[in-house]
Amino acid sequence: MSQWPSTKARVLLVALLGIGWAIKRQSGTSHRILSRPGWPDYTFAFHDQEEIGPRMLARIAKRTGLTPNDL
């Protein structure tokens, strides 16, 4: 079993903002460019109600520094 739970994109975005990411710019309703000092920019391309599974969360975590405890 994975250590990552499935979660809504809105919850994930709030968690990323909570660990220091900021919305640099937004294009439309789903594409947001996030920035954090010391990290390359990350494109967050999910609608708020979209369900994100454990595998995708693990991939996002590698690029953003997110941990399961942050959710």
# chains A, B, ... in the order shown; residues from 1 in each chain; ligands from 1
$ residues_around --residues "Ala61 in chain A" --least-positions-apart "3" --cutoff "12 Å" --atoms "only C-alpha atoms" --output "PDB file with all heavy atoms, in the first residue's frame"
ATOM      1  N   GLN A   3       2.060   5.158   0.667  1.00  0.00           N
ATOM      2  CA  GLN A   3       1.973   6.095   1.784  1.00  0.00           C
ATOM      3  C   GLN A   3       1.195   7.353   1.389  1.00  0.00           C
ATOM      4  O   GLN A   3       0.870   8.170   2.237  1.00  0.00           O
ATOM      5  CB  GLN A   3       3.366   6.472   2.252  1.00  0.00           C
ATOM      6  CG  GLN A   3       4.215   7.144   1.187  1.00  0.00           C
ATOM      7  CD  GLN A   3       5.582   7.499   1.686  1.00  0.00           C
ATOM      8  OE1 GLN A   3       5.809   7.555   2.880  1.00  0.00           O
ATOM      9  NE2 GLN A   3       6.509   7.730   0.784  1.00  0.00           N
ATOM     10  N   TRP A   4       0.900   7.499   0.095  1.00  0.00           N
ATOM     11  CA  TRP A   4       0.171   8.660  -0.400  1.00  0.00           C
ATOM     12  C   TRP A   4      -1.314   8.335  -0.550  1.00  0.00           C
ATOM     13  O   TRP A   4      -1.669   7.405  -1.243  1.00  0.00           O
ATOM     14  CB  TRP A   4       0.716   9.095  -1.762  1.00  0.00           C
ATOM     15  CG  TRP A   4       2.104   9.624  -1.678  1.00  0.00           C
ATOM     16  CD1 TRP A   4       3.245   8.952  -1.951  1.00  0.00           C
ATOM     17  CD2 TRP A   4       2.504  10.916  -1.263  1.00  0.00           C
ATOM     18  NE1 TRP A   4       4.323   9.756  -1.739  1.00  0.00           N
ATOM     19  CE2 TRP A   4       3.904  10.967  -1.328  1.00  0.00           C
ATOM     20  CE3 TRP A   4       1.802  12.049  -0.854  1.00  0.00           C
ATOM     21  CZ2 TRP A   4       4.618  12.110  -0.977  1.00  0.00           C
ATOM     22  CZ3 TRP A   4       2.512  13.177  -0.525  1.00  0.00           C
ATOM     23  CH2 TRP A   4       3.911  13.211  -0.585  1.00  0.00           C
ATOM     24  N   LEU A  12      -4.416  19.586  -2.456  1.00  0.00           N
ATOM     25  CA  LEU A  12      -2.994  19.534  -2.794  1.00  0.00           C
ATOM     26  C   LEU A  12      -2.431  20.939  -2.992  1.00  0.00           C
ATOM     27  O   LEU A  12      -1.346  21.250  -2.508  1.00  0.00           O
ATOM     28  CB  LEU A  12      -2.783  18.695  -4.048  1.00  0.00           C
ATOM     29  CG  LEU A  12      -1.369  18.651  -4.600  1.00  0.00           C
ATOM     30  CD1 LEU A  12      -0.387  18.089  -3.569  1.00  0.00           C
ATOM     31  CD2 LEU A  12      -1.331  17.829  -5.880  1.00  0.00           C
ATOM     32  N   ALA A  15      -1.876  22.575   0.284  1.00  0.00           N
ATOM     33  CA  ALA A  15      -0.705  21.999   0.944  1.00  0.00           C
ATOM     34  C   ALA A  15       0.589  22.559   0.353  1.00  0.00           C
ATOM     35  O   ALA A  15       1.529  22.880   1.089  1.00  0.00           O
ATOM     36  CB  ALA A  15      -0.726  20.480   0.818  1.00  0.00           C
ATOM     37  N   LEU A  16       0.643  22.706  -0.971  1.00  0.00           N
ATOM     38  CA  LEU A  16       1.835  23.267  -1.615  1.00  0.00           C
ATOM     39  C   LEU A  16       2.039  24.722  -1.199  1.00  0.00           C
ATOM     40  O   LEU A  16       3.170  25.141  -0.914  1.00  0.00           O
ATOM     41  CB  LEU A  16       1.725  23.152  -3.136  1.00  0.00           C
ATOM     42  CG  LEU A  16       1.852  21.746  -3.704  1.00  0.00           C
ATOM     43  CD1 LEU A  16       1.548  21.746  -5.194  1.00  0.00           C
ATOM     44  CD2 LEU A  16       3.228  21.169  -3.444  1.00  0.00           C
ATOM     45  N   ILE A  19       3.636  24.925   2.233  1.00  0.00           N
ATOM     46  CA  ILE A  19       5.064  24.611   2.421  1.00  0.00           C
ATOM     47  C   ILE A  19       5.976  25.613   1.713  1.00  0.00           C
ATOM     48  O   ILE A  19       7.176  25.377   1.586  1.00  0.00           O
ATOM     49  CB  ILE A  19       5.416  23.164   2.002  1.00  0.00           C
ATOM     50  CG1 ILE A  19       5.174  22.935   0.520  1.00  0.00           C
ATOM     51  CG2 ILE A  19       4.672  22.168   2.860  1.00  0.00           C
ATOM     52  CD1 ILE A  19       5.761  21.620  -0.004  1.00  0.00           C
ATOM     53  N   TYR A  42       7.097  25.024 -10.958  1.00  0.00           N
ATOM     54  CA  TYR A  42       6.293  23.817 -11.151  1.00  0.00           C
ATOM     55  C   TYR A  42       4.951  24.211 -11.757  1.00  0.00           C
ATOM     56  O   TYR A  42       4.300  25.133 -11.278  1.00  0.00           O
ATOM     57  CB  TYR A  42       6.074  23.092  -9.815  1.00  0.00           C
ATOM     58  CG  TYR A  42       5.229  21.853  -9.966  1.00  0.00           C
ATOM     59  CD1 TYR A  42       5.745  20.729 -10.583  1.00  0.00           C
ATOM     60  CD2 TYR A  42       3.905  21.837  -9.539  1.00  0.00           C
ATOM     61  CE1 TYR A  42       4.972  19.597 -10.760  1.00  0.00           C
ATOM     62  CE2 TYR A  42       3.126  20.714  -9.710  1.00  0.00           C
ATOM     63  CZ  TYR A  42       3.663  19.599 -10.330  1.00  0.00           C
ATOM     64  OH  TYR A  42       2.886  18.490 -10.514  1.00  0.00           O
ATOM     65  N   PRO A  54      -2.356   8.234  -5.807  1.00  0.00           N
ATOM     66  CA  PRO A  54      -1.079   8.089  -5.097  1.00  0.00           C
ATOM     67  C   PRO A  54       0.151   8.168  -5.999  1.00  0.00           C
ATOM     68  O   PRO A  54       1.149   8.774  -5.617  1.00  0.00           O
ATOM     69  CB  PRO A  54      -1.178   6.709  -4.452  1.00  0.00           C
ATOM     70  CG  PRO A  54      -2.627   6.397  -4.413  1.00  0.00           C
ATOM     71  CD  PRO A  54      -3.257   7.125  -5.547  1.00  0.00           C
ATOM     72  N   ARG A  55       0.087   7.587  -7.187  1.00  0.00           N
ATOM     73  CA  ARG A  55       1.264   7.614  -8.065  1.00  0.00           C
ATOM     74  C   ARG A  55       1.577   9.031  -8.524  1.00  0.00           C
ATOM     75  O   ARG A  55       2.741   9.440  -8.585  1.00  0.00           O
ATOM     76  CB  ARG A  55       1.063   6.694  -9.262  1.00  0.00           C
ATOM     77  CG  ARG A  55       1.021   5.228  -8.855  1.00  0.00           C
ATOM     78  CD  ARG A  55       0.858   4.358 -10.058  1.00  0.00           C
ATOM     79  NE  ARG A  55       2.197   4.058 -10.565  1.00  0.00           N
ATOM     80  CZ  ARG A  55       2.420   3.315 -11.634  1.00  0.00           C
ATOM     81  NH1 ARG A  55       1.429   2.811 -12.318  1.00  0.00           N
ATOM     82  NH2 ARG A  55       3.654   3.068 -12.016  1.00  0.00           N
ATOM     83  N   MET A  56       0.554   9.771  -8.887  1.00  0.00           N
ATOM     84  CA  MET A  56       0.765  11.157  -9.318  1.00  0.00           C
ATOM     85  C   MET A  56       1.244  12.010  -8.151  1.00  0.00           C
ATOM     86  O   MET A  56       2.109  12.865  -8.311  1.00  0.00           O
ATOM     87  CB  MET A  56      -0.520  11.737  -9.914  1.00  0.00           C
ATOM     88  CG  MET A  56      -0.371  13.157 -10.408  1.00  0.00           C
ATOM     89  SD  MET A  56       0.924  13.391 -11.648  1.00  0.00           S
ATOM     90  CE  MET A  56       0.111  12.759 -13.086  1.00  0.00           C
ATOM     91  N   LEU A  57       0.718  11.779  -6.960  1.00  0.00           N
ATOM     92  CA  LEU A  57       1.180  12.524  -5.785  1.00  0.00           C
ATOM     93  C   LEU A  57       2.657  12.267  -5.524  1.00  0.00           C
ATOM     94  O   LEU A  57       3.396  13.191  -5.169  1.00  0.00           O
ATOM     95  CB  LEU A  57       0.353  12.150  -4.555  1.00  0.00           C
ATOM     96  CG  LEU A  57      -1.032  12.764  -4.469  1.00  0.00           C
ATOM     97  CD1 LEU A  57      -1.791  12.174  -3.293  1.00  0.00           C
ATOM     98  CD2 LEU A  57      -0.954  14.265  -4.341  1.00  0.00           C
ATOM     99  N   ALA A  58       3.102  11.032  -5.694  1.00  0.00           N
ATOM    100  CA  ALA A  58       4.519  10.709  -5.496  1.00  0.00           C
ATOM    101  C   ALA A  58       5.387  11.446  -6.511  1.00  0.00           C
ATOM    102  O   ALA A  58       6.465  11.948  -6.175  1.00  0.00           O
ATOM    103  CB  ALA A  58       4.734   9.208  -5.588  1.00  0.00           C
ATOM    104  N   THR A  64       8.445  18.875  -5.826  1.00  0.00           N
ATOM    105  CA  THR A  64       8.034  20.009  -4.991  1.00  0.00           C
ATOM    106  C   THR A  64       8.483  19.920  -3.538  1.00  0.00           C
ATOM    107  O   THR A  64       8.362  20.893  -2.800  1.00  0.00           O
ATOM    108  CB  THR A  64       6.498  20.136  -4.989  1.00  0.00           C
ATOM    109  OG1 THR A  64       5.921  18.962  -4.444  1.00  0.00           O
ATOM    110  CG2 THR A  64       5.967  20.390  -6.394  1.00  0.00           C
ATOM    111  N   GLY A  65       8.961  18.766  -3.090  1.00  0.00           N
ATOM    112  CA  GLY A  65       9.360  18.629  -1.690  1.00  0.00           C
ATOM    113  C   GLY A  65       8.203  18.328  -0.760  1.00  0.00           C
ATOM    114  O   GLY A  65       8.354  18.393   0.457  1.00  0.00           O
ATOM    115  N   LEU A  66       7.050  17.966  -1.300  1.00  0.00           N
ATOM    116  CA  LEU A  66       5.867  17.646  -0.501  1.00  0.00           C
ATOM    117  C   LEU A  66       6.062  16.326   0.214  1.00  0.00           C
ATOM    118  O   LEU A  66       6.690  15.413  -0.319  1.00  0.00           O
ATOM    119  CB  LEU A  66       4.645  17.567  -1.438  1.00  0.00           C
ATOM    120  CG  LEU A  66       3.287  17.412  -0.785  1.00  0.00           C
ATOM    121  CD1 LEU A  66       2.876  18.735  -0.138  1.00  0.00           C
ATOM    122  CD2 LEU A  66       2.253  17.011  -1.812  1.00  0.00           C
ATOM    123  N   THR A  67       5.547  16.201   1.428  1.00  0.00           N
ATOM    124  CA  THR A  67       5.556  14.936   2.166  1.00  0.00           C
ATOM    125  C   THR A  67       4.118  14.539   2.494  1.00  0.00           C
ATOM    126  O   THR A  67       3.229  15.404   2.507  1.00  0.00           O
ATOM    127  CB  THR A  67       6.363  15.050   3.482  1.00  0.00           C
ATOM    128  OG1 THR A  67       5.698  15.988   4.333  1.00  0.00           O
ATOM    129  CG2 THR A  67       7.792  15.493   3.233  1.00  0.00           C
ATOM    130  N   PRO A  68       3.864  13.260   2.757  1.00  0.00           N
ATOM    131  CA  PRO A  68       2.501  12.845   3.110  1.00  0.00           C
ATOM    132  C   PRO A  68       1.937  13.588   4.317  1.00  0.00           C
ATOM    133  O   PRO A  68       0.747  13.814   4.408  1.00  0.00           O
ATOM    134  CB  PRO A  68       2.643  11.344   3.410  1.00  0.00           C
ATOM    135  CG  PRO A  68       3.842  10.918   2.629  1.00  0.00           C
ATOM    136  CD  PRO A  68       4.759  12.108   2.653  1.00  0.00           C
ATOM    137  N   ASN A  69       2.797  13.991   5.244  1.00  0.00           N
ATOM    138  CA  ASN A  69       2.340  14.726   6.420  1.00  0.00           C
ATOM    139  C   ASN A  69       1.839  16.131   6.095  1.00  0.00           C
ATOM    140  O   ASN A  69       1.089  16.725   6.864  1.00  0.00           O
ATOM    141  CB  ASN A  69       3.450  14.825   7.462  1.00  0.00           C
ATOM    142  CG  ASN A  69       3.814  13.476   8.016  1.00  0.00           C
ATOM    143  OD1 ASN A  69       3.002  12.564   8.040  1.00  0.00           O
ATOM    144  ND2 ASN A  69       5.050  13.332   8.446  1.00  0.00           N
ATOM    145  N   ASP A  70       2.268  16.679   4.959  1.00  0.00           N
ATOM    146  CA  ASP A  70       1.852  18.024   4.547  1.00  0.00           C
ATOM    147  C   ASP A  70       0.386  18.067   4.132  1.00  0.00           C
ATOM    148  O   ASP A  70      -0.236  19.120   4.159  1.00  0.00           O
ATOM    149  CB  ASP A  70       2.708  18.556   3.405  1.00  0.00           C
ATOM    150  CG  ASP A  70       4.161  18.750   3.822  1.00  0.00           C
ATOM    151  OD1 ASP A  70       4.383  19.053   5.015  1.00  0.00           O
ATOM    152  OD2 ASP A  70       5.050  18.589   2.975  1.00  0.00           O
ATOM    153  N   LEU A  71      -0.137  16.913   3.698  1.00  0.00           N
ATOM    154  CA  LEU A  71      -1.548  16.869   3.286  1.00  0.00           C
ATOM    155  C   LEU A  71      -2.408  16.807   4.509  1.00  0.00           C
ATOM    156  O   LEU A  71      -3.471  17.162   4.643  1.00  0.00           O
ATOM    157  CB  LEU A  71      -1.821  15.654   2.384  1.00  0.00           C
ATOM    158  CG  LEU A  71      -1.088  15.674   1.043  1.00  0.00           C
ATOM    159  CD1 LEU A  71      -1.360  14.366   0.308  1.00  0.00           C
ATOM    160  CD2 LEU A  71      -1.557  16.831   0.193  1.00  0.00           C
TER     161      LEU A  71
END
$ residues_around --residues "range 43-45 of chain A" --least-positions-apart "3" --cutoff "8 Å" --atoms "only C-alpha atoms" --output "short mmCIF file (atom, residue, chain, number, x, y, z; two decimals) with N, CA, C and O atoms, in the first residue's frame"
data_model
loop_
_atom_site.label_atom_id
_atom_site.label_comp_id
_atom_site.auth_asym_id
_atom_site.auth_seq_id
_atom_site.Cartn_x
_atom_site.Cartn_y
_atom_site.Cartn_z
N SER A 30 -7.20 26.07 -14.79
CA SER A 30 -6.49 24.92 -14.23
C SER A 30 -4.97 25.05 -14.22
O SER A 30 -4.32 24.45 -13.39
N HIS A 31 -4.39 25.81 -15.13
CA HIS A 31 -2.93 25.88 -15.20
C HIS A 31 -2.39 27.02 -14.34
O HIS A 31 -2.66 28.19 -14.61
N ARG A 32 -1.63 26.64 -13.33
CA ARG A 32 -0.99 27.62 -12.45
C ARG A 32 0.50 27.32 -12.43
O ARG A 32 0.91 26.18 -12.32
N ILE A 33 1.32 28.35 -12.52
CA ILE A 33 2.76 28.20 -12.40
C ILE A 33 3.11 28.56 -10.97
O ILE A 33 2.83 29.68 -10.51
N LEU A 34 3.72 27.61 -10.25
CA LEU A 34 4.09 27.84 -8.86
C LEU A 34 5.59 28.08 -8.77
O LEU A 34 6.37 27.48 -9.52
#
$ select_by_dssp --residues "range 9-47 of chain A" --states "helix (DSSP H, G or I)" --output "PyMOL selection string"
chain A and resi 9-18
$ closest_residue --among "A:Asp41, A:Pro5, A:Phe46, A:Arg36" --to "Ala22 in chain A" --atoms "only C-alpha atoms"
A:Arg36
$ select_by_dssp --residues "range 14-62 of chain A" --states "strand (DSSP E)" --output "number ranges by chain"
A: 22-27, 31-36, 39-45, 51-52
$ residues_around --residues "Ala9 in chain A" --least-positions-apart "2" --cutoff "7 Å" --atoms "only C-alpha atoms" --output "PyMOL selection string"
chain A and resi 7+11-13+46-52
$ atom_distance --atom1 "CA of Ser35 in chain A" --atom2 "CA of Ile23 in chain A"
6.4 Å
